[in-house]
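> The structure is given below, and queries will be raised subsequently.
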Amino acid sequence: MGVPPGRTRHQTVPFALAIVQFPLRLVSRRMLAPSVGHYAFSRADGQPLDFVPGQFIQVHFHYADGTATKRSYSLATIHDHALGPGEQVEIAVSFVAGGAATALFENLPEGGEIQASGPYGRFCLMPGDSNRRYLLIATGTGVTPYRAMLPQIEKLIGERGIEVVVLQGARTPVELLYGDEFRAFADAHSSFRYVPCLSREMPSNPHPDVRHGYVQQHLAEFAPNPETDIAYLCGNPNMVDACFESLKEAGLPVPQIRREKYVSSK
């Protein structure tokens, strides 16, 4: 399979807190795209992992010279409660040629172990939200948290009657991570729209909700409204910045725009 690296977030973990690491044992892996792998782990210590969809874990390892380092990965696990002992911990890993994290994941056999910590982060659907609609916007592995949120979204559709639009940016159809899952969810829920935005190559027979271009070019089509919307932005920093400015111009106050930037790291 290909070669995985990590993502470094513009969200840091306070160094004043003691970081407790735990072992993760590789259960399975598969390719999501030519340069992205989906990795499923279980906690090797038999403990549960209590997380909120949208959070991330950090994987700890060492460079060849012995220097300690870490990479952050959003949890992709679809779950509607805390992960009990033995339940899977899933992440999406981008591959970077020559990357140290890439080498770590590429050489990890099934049954092999890595060290992790967490979960961390507040890029989550908030219990106090009373909005009518969520705009969930992502590029690359930035769509991973939205996959984990699907059970929550289904519950909120039933409880509050919310609407959701997922705008996912990719270059080609084969790079739409978890695209089949989002499309199936949209087919099953009329208030959920899945809108892939493809910048380089369109499918031969595109779904009516597929767009050509970048997500920031199509955001205005959905008429962001400060009275009804909360937006989430995750992925490429240029996309996040462009959409952030567009949402502010549409009148959304900053607290209604929740952001997380991913930058590749070797």
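Residue numbering restarts at 1 in every chain; chains get A, B, ... in the order shown in the structure tokens, and ligands count up from 1 in that same order.
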Name all residues at most 10 Å from region 68-81 of chain A (count only C-alpha atoms; drop same-chain ones fewer than 6 positions away) and give them as a count of residues only.
60
> Would you pick out the contacts of Arg200 (chain A) at 9 Å or less, using only C-alpha atoms, so that residues sharing its chain but fewer than 4 positions from it are not included, and give the list as a PDB file with all heavy atoms, in the first residue's frame?

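The resulting file, part_5.pdb, is shown below:
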ATOM      1  N   ALA A 170     -12.021  17.973  -3.347  1.00  0.00           N
ATOM      2  CA  ALA A 170     -10.985  17.025  -3.766  1.00  0.00           C
ATOM      3  C   ALA A 170     -10.616  17.336  -5.206  1.00  0.00           C
ATOM      4  O   ALA A 170     -11.322  18.074  -5.895  1.00  0.00           O
ATOM      5  CB  ALA A 170     -11.475  15.590  -3.630  1.00  0.00           C
ATOM      6  N   ARG A 171      -9.521  16.774  -5.665  1.00  0.00           N
ATOM      7  CA  ARG A 171      -9.133  16.999  -7.059  1.00  0.00           C
ATOM      8  C   ARG A 171      -9.898  16.086  -8.009  1.00  0.00           C
ATOM      9  O   ARG A 171     -10.351  16.517  -9.066  1.00  0.00           O
ATOM     10  CB  ARG A 171      -7.622  16.782  -7.210  1.00  0.00           C
ATOM     11  CG  ARG A 171      -6.771  17.809  -6.475  1.00  0.00           C
ATOM     12  CD  ARG A 171      -5.297  17.518  -6.609  1.00  0.00           C
ATOM     13  NE  ARG A 171      -4.963  16.198  -6.037  1.00  0.00           N
ATOM     14  CZ  ARG A 171      -3.737  15.681  -6.019  1.00  0.00           C
ATOM     15  NH1 ARG A 171      -2.729  16.353  -6.558  1.00  0.00           N
ATOM     16  NH2 ARG A 171      -3.513  14.501  -5.483  1.00  0.00           N
ATOM     17  N   THR A 172     -10.043  14.825  -7.638  1.00  0.00           N
ATOM     18  CA  THR A 172     -10.667  13.842  -8.519  1.00  0.00           C
ATOM     19  C   THR A 172     -11.642  12.980  -7.722  1.00  0.00           C
ATOM     20  O   THR A 172     -11.585  12.933  -6.484  1.00  0.00           O
ATOM     21  CB  THR A 172      -9.602  12.927  -9.152  1.00  0.00           C
ATOM     22  OG1 THR A 172      -9.014  12.128  -8.111  1.00  0.00           O
ATOM     23  CG2 THR A 172      -8.516  13.730  -9.849  1.00  0.00           C
ATOM     24  N   HIS A 212     -18.133  21.321 -10.010  1.00  0.00           N
ATOM     25  CA  HIS A 212     -16.772  21.433 -10.543  1.00  0.00           C
ATOM     26  C   HIS A 212     -16.128  22.694  -9.994  1.00  0.00           C
ATOM     27  O   HIS A 212     -16.708  23.784 -10.085  1.00  0.00           O
ATOM     28  CB  HIS A 212     -16.790  21.491 -12.072  1.00  0.00           C
ATOM     29  CG  HIS A 212     -15.413  21.518 -12.673  1.00  0.00           C
ATOM     30  ND1 HIS A 212     -14.849  22.668 -13.165  1.00  0.00           N
ATOM     31  CD2 HIS A 212     -14.485  20.538 -12.822  1.00  0.00           C
ATOM     32  CE1 HIS A 212     -13.625  22.397 -13.616  1.00  0.00           C
ATOM     33  NE2 HIS A 212     -13.395  21.113 -13.419  1.00  0.00           N
ATOM     34  N   GLY A 213     -14.941  22.537  -9.391  1.00  0.00           N
ATOM     35  CA  GLY A 213     -14.246  23.684  -8.828  1.00  0.00           C
ATOM     36  C   GLY A 213     -13.919  23.450  -7.362  1.00  0.00           C
ATOM     37  O   GLY A 213     -13.935  22.316  -6.877  1.00  0.00           O
TER      38      GLY A 213
END
> Considering only C-alpha atoms, can you say which of A:Leu32, A:Leu198, A:Leu176, A:Ile137 comes closest to Ala242 (chain A)?
A:Ile137
> Could you pull out the residues in region 108-260 of chain A that DSSP calls strand (DSSP E or B) from the backbone, as a ChimeraX atom specification?
/A:113-120,133-139,163-170,192-198,211-212,229-235,257-260
> For Leu167 (chain A), which of A:Met31, A:Ala64, A:Ile114, A:Cys197 is the closest residue, counting only C-alpha atoms?
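Of A:Met31, A:Ala64, A:Ile114, A:Cys197, the one nearest Leu167 (chain A) is A:Cys197, counting only C-alpha atoms.
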> Near Val164 (chain A), within 8 Å and counting only C-alpha atoms, which residues show up once chain neighbours fewer than 2 positions away are dropped, as a ChimeraX atom specification?
/A:133-136,162,166,191-193
> If we count only C-alpha atoms and set the cut-off at 12 Å, which residues sit around Asp129 (chain A), ignoring sequence neighbours fewer than 5 positions away in its own chain? Please answer as number ranges by chain.
A: 124, 134, 156, 160, 162, 228-231, 255-256
> Using only C-alpha atoms, which of A:Asp209, A:Glu221, A:Glu113, A:Glu260 sits nearest Arg183 (chain A)?
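So, comparing all the options, the nearest one is A:Asp209.
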> Just checking: using only C-alpha atoms, which residue out of A:Gly128, A:Pro237, A:Pro23, A:Gly140 ends up closest to Pro196 (chain A)?
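Nearest to Pro196 (chain A): A:Gly140.
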> Could you work out how far CA of Asn236 (chain A) lies from CA of Gly98 (chain A), giving the answer in Å with one decimal?
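Between these atoms lies a distance of 20.4 Å.
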> For CA of Gly99 (chain A) and CA of Asp45 (chain A), quote the distance in Å rounded to one decimal.
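Taking CA of Gly99 (chain A) and CA of Asp45 (chain A), their separation equals 28.1 Å.
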> Apply DSSP to the structure's backbone, then extract all residues of region 80-228 of chain A labelled alpha helix (DSSP H) and return them as a ChimeraX atom specification.
/A:100-106,144-160,179-188,215-218
> With only C-alpha atoms as the atoms that count, which of A:Ser28, A:Ser42, A:Asn107, A:Ser246 lies nearest to Ala223 (chain A)?
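Of A:Ser28, A:Ser42, A:Asn107, A:Ser246, the one nearest Ala223 (chain A) is A:Ser246, counting only C-alpha atoms.
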> Enter the distance from CA of Ser35 (chain A) to CA of Arg258 (chain A), in Å, rounded to one decimal.
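Separation between CA of Ser35 (chain A) and CA of Arg258 (chain A): 26.9 Å.
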